[in-house]
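This is coords_36.cif. It holds mmCIF, C-alpha atoms.
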data_upload
#
loop_
_atom_site.label_atom_id
_atom_site.label_comp_id
_atom_site.auth_asym_id
_atom_site.auth_seq_id
_atom_site.Cartn_x
_atom_site.Cartn_y
_atom_site.Cartn_z
CA MET A 1 -16.04 41.88 -20.86
CA PRO A 2 -14.53 44.59 -23.04
CA ARG A 3 -12.93 43.60 -26.31
CA GLY A 4 -9.17 43.15 -26.00
CA SER A 5 -9.30 42.33 -22.29
CA LYS A 6 -6.83 39.79 -20.95
CA VAL A 7 -8.22 36.45 -19.86
CA GLU A 8 -6.27 34.13 -17.62
CA LEU A 9 -7.16 30.47 -18.06
CA VAL A 10 -5.98 27.98 -15.48
CA LEU A 11 -6.21 24.26 -16.26
CA GLY A 12 -5.52 21.43 -13.89
CA LEU A 13 -6.54 18.03 -12.66
CA GLY A 14 -8.62 19.57 -9.92
CA ILE A 15 -8.66 18.75 -6.27
CA ASN A 16 -10.67 15.53 -6.46
CA ASN A 17 -8.80 13.86 -9.36
CA PRO A 18 -11.98 12.23 -10.74
CA GLN A 19 -11.49 8.70 -11.98
CA THR A 20 -13.55 6.19 -13.94
CA GLY A 21 -13.53 2.58 -15.07
CA ILE A 22 -12.96 1.35 -18.61
CA PRO A 23 -16.07 0.12 -20.46
CA ILE A 24 -16.36 -3.28 -22.14
CA LEU A 25 -16.06 -2.63 -25.86
CA ALA A 26 -15.75 -6.13 -27.35
CA GLY A 27 -18.26 -6.76 -30.13
CA LEU A 28 -19.20 -3.10 -30.60
CA SER A 29 -18.84 -1.17 -33.85
CA SER A 30 -16.32 1.66 -33.99
CA GLU A 31 -19.10 4.22 -33.59
CA GLU A 32 -20.66 2.39 -30.62
CA ALA A 33 -17.28 1.89 -28.94
CA GLN A 34 -16.31 5.54 -29.34
CA SER A 35 -19.66 6.59 -27.89
CA ARG A 36 -19.13 4.34 -24.84
CA ILE A 37 -15.62 5.73 -24.39
CA PHE A 38 -16.92 9.32 -24.43
CA GLU A 39 -19.80 8.42 -22.08
CA SER A 40 -17.18 7.24 -19.58
CA SER A 41 -15.41 10.63 -19.73
CA LEU A 42 -12.51 9.06 -21.60
CA ASN A 43 -10.92 9.86 -24.96
CA VAL A 44 -10.49 7.67 -28.02
CA GLY A 45 -6.84 6.78 -28.60
CA GLU A 46 -5.71 4.77 -31.60
CA VAL A 47 -8.28 3.04 -33.78
CA ARG A 48 -6.72 0.18 -35.72
CA PHE A 49 -8.18 -2.26 -38.20
CA ASP A 50 -6.76 -5.73 -38.77
CA GLU A 51 -5.92 -7.21 -42.17
CA THR A 52 -9.53 -8.33 -42.77
CA VAL A 53 -10.76 -4.75 -43.10
CA LYS A 54 -10.09 -3.76 -46.70
CA THR A 55 -12.92 -1.47 -47.75
CA TYR A 56 -14.98 1.36 -46.30
CA ALA A 57 -17.91 -1.04 -45.95
CA ASP A 58 -15.67 -3.41 -43.98
CA SER A 59 -14.70 -0.60 -41.63
CA ILE A 60 -18.37 0.20 -40.98
CA ASN A 61 -19.15 -3.47 -40.25
CA ALA A 62 -16.02 -4.15 -38.18
CA LYS A 63 -16.35 -4.92 -34.48
CA VAL A 64 -13.96 -4.36 -31.57
CA TYR A 65 -11.89 -7.45 -30.78
CA ASN A 66 -9.28 -5.85 -28.52
CA GLN A 67 -8.87 -2.76 -26.38
CA TYR A 68 -6.22 -1.12 -24.22
CA PRO A 69 -6.54 -0.59 -21.34
CA THR A 70 -8.65 -3.64 -20.70
CA ALA A 71 -12.19 -3.26 -19.38
CA THR A 72 -12.62 -2.78 -15.66
CA SER A 73 -15.33 -1.30 -13.47
CA ASN A 74 -12.73 -0.24 -10.90
CA PRO A 75 -12.38 3.56 -11.05
CA GLY A 76 -8.62 3.70 -11.50
CA PHE A 77 -8.34 5.82 -14.65
CA MET A 78 -8.31 9.60 -14.80
CA PHE A 79 -11.03 11.31 -16.83
CA GLY A 80 -9.62 12.01 -20.28
CA SER A 81 -7.42 8.89 -20.39
CA ARG A 82 -7.09 7.36 -23.85
CA VAL A 83 -8.57 4.02 -24.85
CA ASN A 84 -7.18 2.27 -27.95
CA ILE A 85 -9.38 -0.10 -29.94
CA TRP A 86 -8.70 -2.77 -32.58
CA LEU A 87 -11.42 -3.80 -35.04
CA THR A 88 -12.03 -6.78 -37.33
CA ILE A 89 -14.72 -8.36 -39.46
CA ASN A 90 -13.44 -11.83 -38.52
CA ALA A 91 -16.07 -12.97 -35.99
CA SER A 92 -13.76 -15.64 -34.55
CA ARG A 93 -11.40 -12.92 -33.24
CA ILE A 94 -14.17 -11.20 -31.26
CA PRO A 95 -14.41 -12.40 -27.64
CA ALA A 96 -17.77 -13.69 -26.44
CA ALA A 97 -18.98 -10.13 -25.91
CA SER A 98 -22.57 -10.99 -25.04
CA SER A 99 -21.54 -13.11 -22.06
CA THR A 100 -18.87 -10.58 -21.09
CA ARG A 101 -21.41 -7.73 -20.99
CA LYS A 102 -23.72 -9.76 -18.76
CA SER A 103 -21.06 -10.04 -16.06
CA THR A 104 -21.59 -7.92 -12.98
CA GLU A 105 -20.32 -4.37 -12.69
CA SER A 106 -17.82 -5.42 -10.02
CA ASP A 107 -16.13 -8.00 -12.26
CA THR A 108 -12.98 -7.16 -14.17
CA THR A 109 -13.07 -8.38 -17.75
CA ASP A 110 -9.94 -8.75 -19.88
CA VAL A 111 -10.65 -8.55 -23.59
CA ASN A 112 -6.97 -8.08 -24.39
CA GLU A 113 -6.23 -11.79 -24.51
CA GLU A 114 -6.24 -13.42 -27.91
#

Could you render the structure as structure tokens?
Amino acid sequence: MPRGSKVELVLGLGINNPQTGIPILAGLSSEEAQSRIFESSLNVGEVRFDETVKTYADSINAKVYNQYPTATSNPGFMFGSRVNIWLTINASRIPAASSTRKSTESDTTDVNEE
């Protein structure tokens, strides 16, 4: 393509409107949660820390205790949708993530409840 040529770029949702589910993020670190979000063809929205996270070390050790939208395996979300996460170092705020992750793919899990 010669230098200075015009390029027309057309963006859209496409014909198929690909959709995905929302991964279970409870109990994951910020880095792990963001990786799972990206692996699901989603984008990271807001990342918030509760009052227990006061230092950089706290932020590294914090785990997800809440997310929006809530986790679901039903493919009802467009690729690129945003997922917000809330993190804490207070273990009592984190839902029983290990049992939640063992649930079947067809189950819908709500980690938004506190």

### Result set, the PyMOL selection byres ((chain A and resi 94) around 8) on current file, as an MDAnalysis selection string
chainID A and resid 26:27 63:66 88 90:93 95:97

Starting from the PyMOL selection byres ((chain A and resi 60) around 12), expand the selection into actual residues of this file and give them as a tab-separated table (two decimals) with C-alpha atoms, in the coordinates of the input.
chain	number	residue	atom	x	y	z
A	28	LEU	CA	-19.20	-3.10	-30.60
A	29	SER	CA	-18.84	-1.17	-33.85
A	30	SER	CA	-16.32	1.66	-33.99
A	31	GLU	CA	-19.10	4.22	-33.59
A	32	GLU	CA	-20.66	2.39	-30.62
A	49	PHE	CA	-8.18	-2.26	-38.20
A	53	VAL	CA	-10.76	-4.75	-43.10
A	54	LYS	CA	-10.09	-3.76	-46.70
A	55	THR	CA	-12.92	-1.47	-47.75
A	56	TYR	CA	-14.98	1.36	-46.30
A	57	ALA	CA	-17.91	-1.04	-45.95
A	58	ASP	CA	-15.67	-3.41	-43.98
A	59	SER	CA	-14.70	-0.60	-41.63
A	61	ASN	CA	-19.15	-3.47	-40.25
A	62	ALA	CA	-16.02	-4.15	-38.18
A	63	LYS	CA	-16.35	-4.92	-34.48
A	64	VAL	CA	-13.96	-4.36	-31.57
A	87	LEU	CA	-11.42	-3.80	-35.04
A	88	THR	CA	-12.03	-6.78	-37.33
A	89	ILE	CA	-14.72	-8.36	-39.46

### Message
To test your reading of the syntax: which residues would the PyMOL selection byres ((chain A and resi 82) around 12) return for the file shown? Reply as a PyMOL selection string.
### Response
chain A and resi 20-22+34+37-38+40-47+67-70+77-81+83-85

Mind dumping the selected residues with C-alpha atoms as a PDB file, in the frame of the given file?
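Final output, selection.pdb:
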ATOM      1  CA  THR A  20     -13.550   6.190 -13.940  1.00  0.00           C
ATOM      2  CA  GLY A  21     -13.530   2.580 -15.070  1.00  0.00           C
ATOM      3  CA  ILE A  22     -12.960   1.350 -18.610  1.00  0.00           C
ATOM      4  CA  GLN A  34     -16.310   5.540 -29.340  1.00  0.00           C
ATOM      5  CA  ILE A  37     -15.620   5.730 -24.390  1.00  0.00           C
ATOM      6  CA  PHE A  38     -16.920   9.320 -24.430  1.00  0.00           C
ATOM      7  CA  SER A  40     -17.180   7.240 -19.580  1.00  0.00           C
ATOM      8  CA  SER A  41     -15.410  10.630 -19.730  1.00  0.00           C
ATOM      9  CA  LEU A  42     -12.510   9.060 -21.600  1.00  0.00           C
ATOM     10  CA  ASN A  43     -10.920   9.860 -24.960  1.00  0.00           C
ATOM     11  CA  VAL A  44     -10.490   7.670 -28.020  1.00  0.00           C
ATOM     12  CA  GLY A  45      -6.840   6.780 -28.600  1.00  0.00           C
ATOM     13  CA  GLU A  46      -5.710   4.770 -31.600  1.00  0.00           C
ATOM     14  CA  VAL A  47      -8.280   3.040 -33.780  1.00  0.00           C
ATOM     15  CA  GLN A  67      -8.870  -2.760 -26.380  1.00  0.00           C
ATOM     16  CA  TYR A  68      -6.220  -1.120 -24.220  1.00  0.00           C
ATOM     17  CA  PRO A  69      -6.540  -0.590 -21.340  1.00  0.00           C
ATOM     18  CA  THR A  70      -8.650  -3.640 -20.700  1.00  0.00           C
ATOM     19  CA  PHE A  77      -8.340   5.820 -14.650  1.00  0.00           C
ATOM     20  CA  MET A  78      -8.310   9.600 -14.800  1.00  0.00           C
ATOM     21  CA  PHE A  79     -11.030  11.310 -16.830  1.00  0.00           C
ATOM     22  CA  GLY A  80      -9.620  12.010 -20.280  1.00  0.00           C
ATOM     23  CA  SER A  81      -7.420   8.890 -20.390  1.00  0.00           C
ATOM     24  CA  VAL A  83      -8.570   4.020 -24.850  1.00  0.00           C
ATOM     25  CA  ASN A  84      -7.180   2.270 -27.950  1.00  0.00           C
ATOM     26  CA  ILE A  85      -9.380  -0.100 -29.940  1.00  0.00           C
TER      27      ILE A  85
END

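The residue that comes closest to Ala71 (chain A), out of A:Arg3, A:Leu25, A:Glu8, A:Gln19 and on the basis of all atoms listed in the file, is A:Leu25.
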
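With CA of Trp86 (chain A) on one side and CA of Arg48 (chain A) on the other, the separation reads 4.7 Å.
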
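Between CA of Glu51 (chain A) and CA of Ile24 (chain A) the interatomic distance comes to 22.9 Å.
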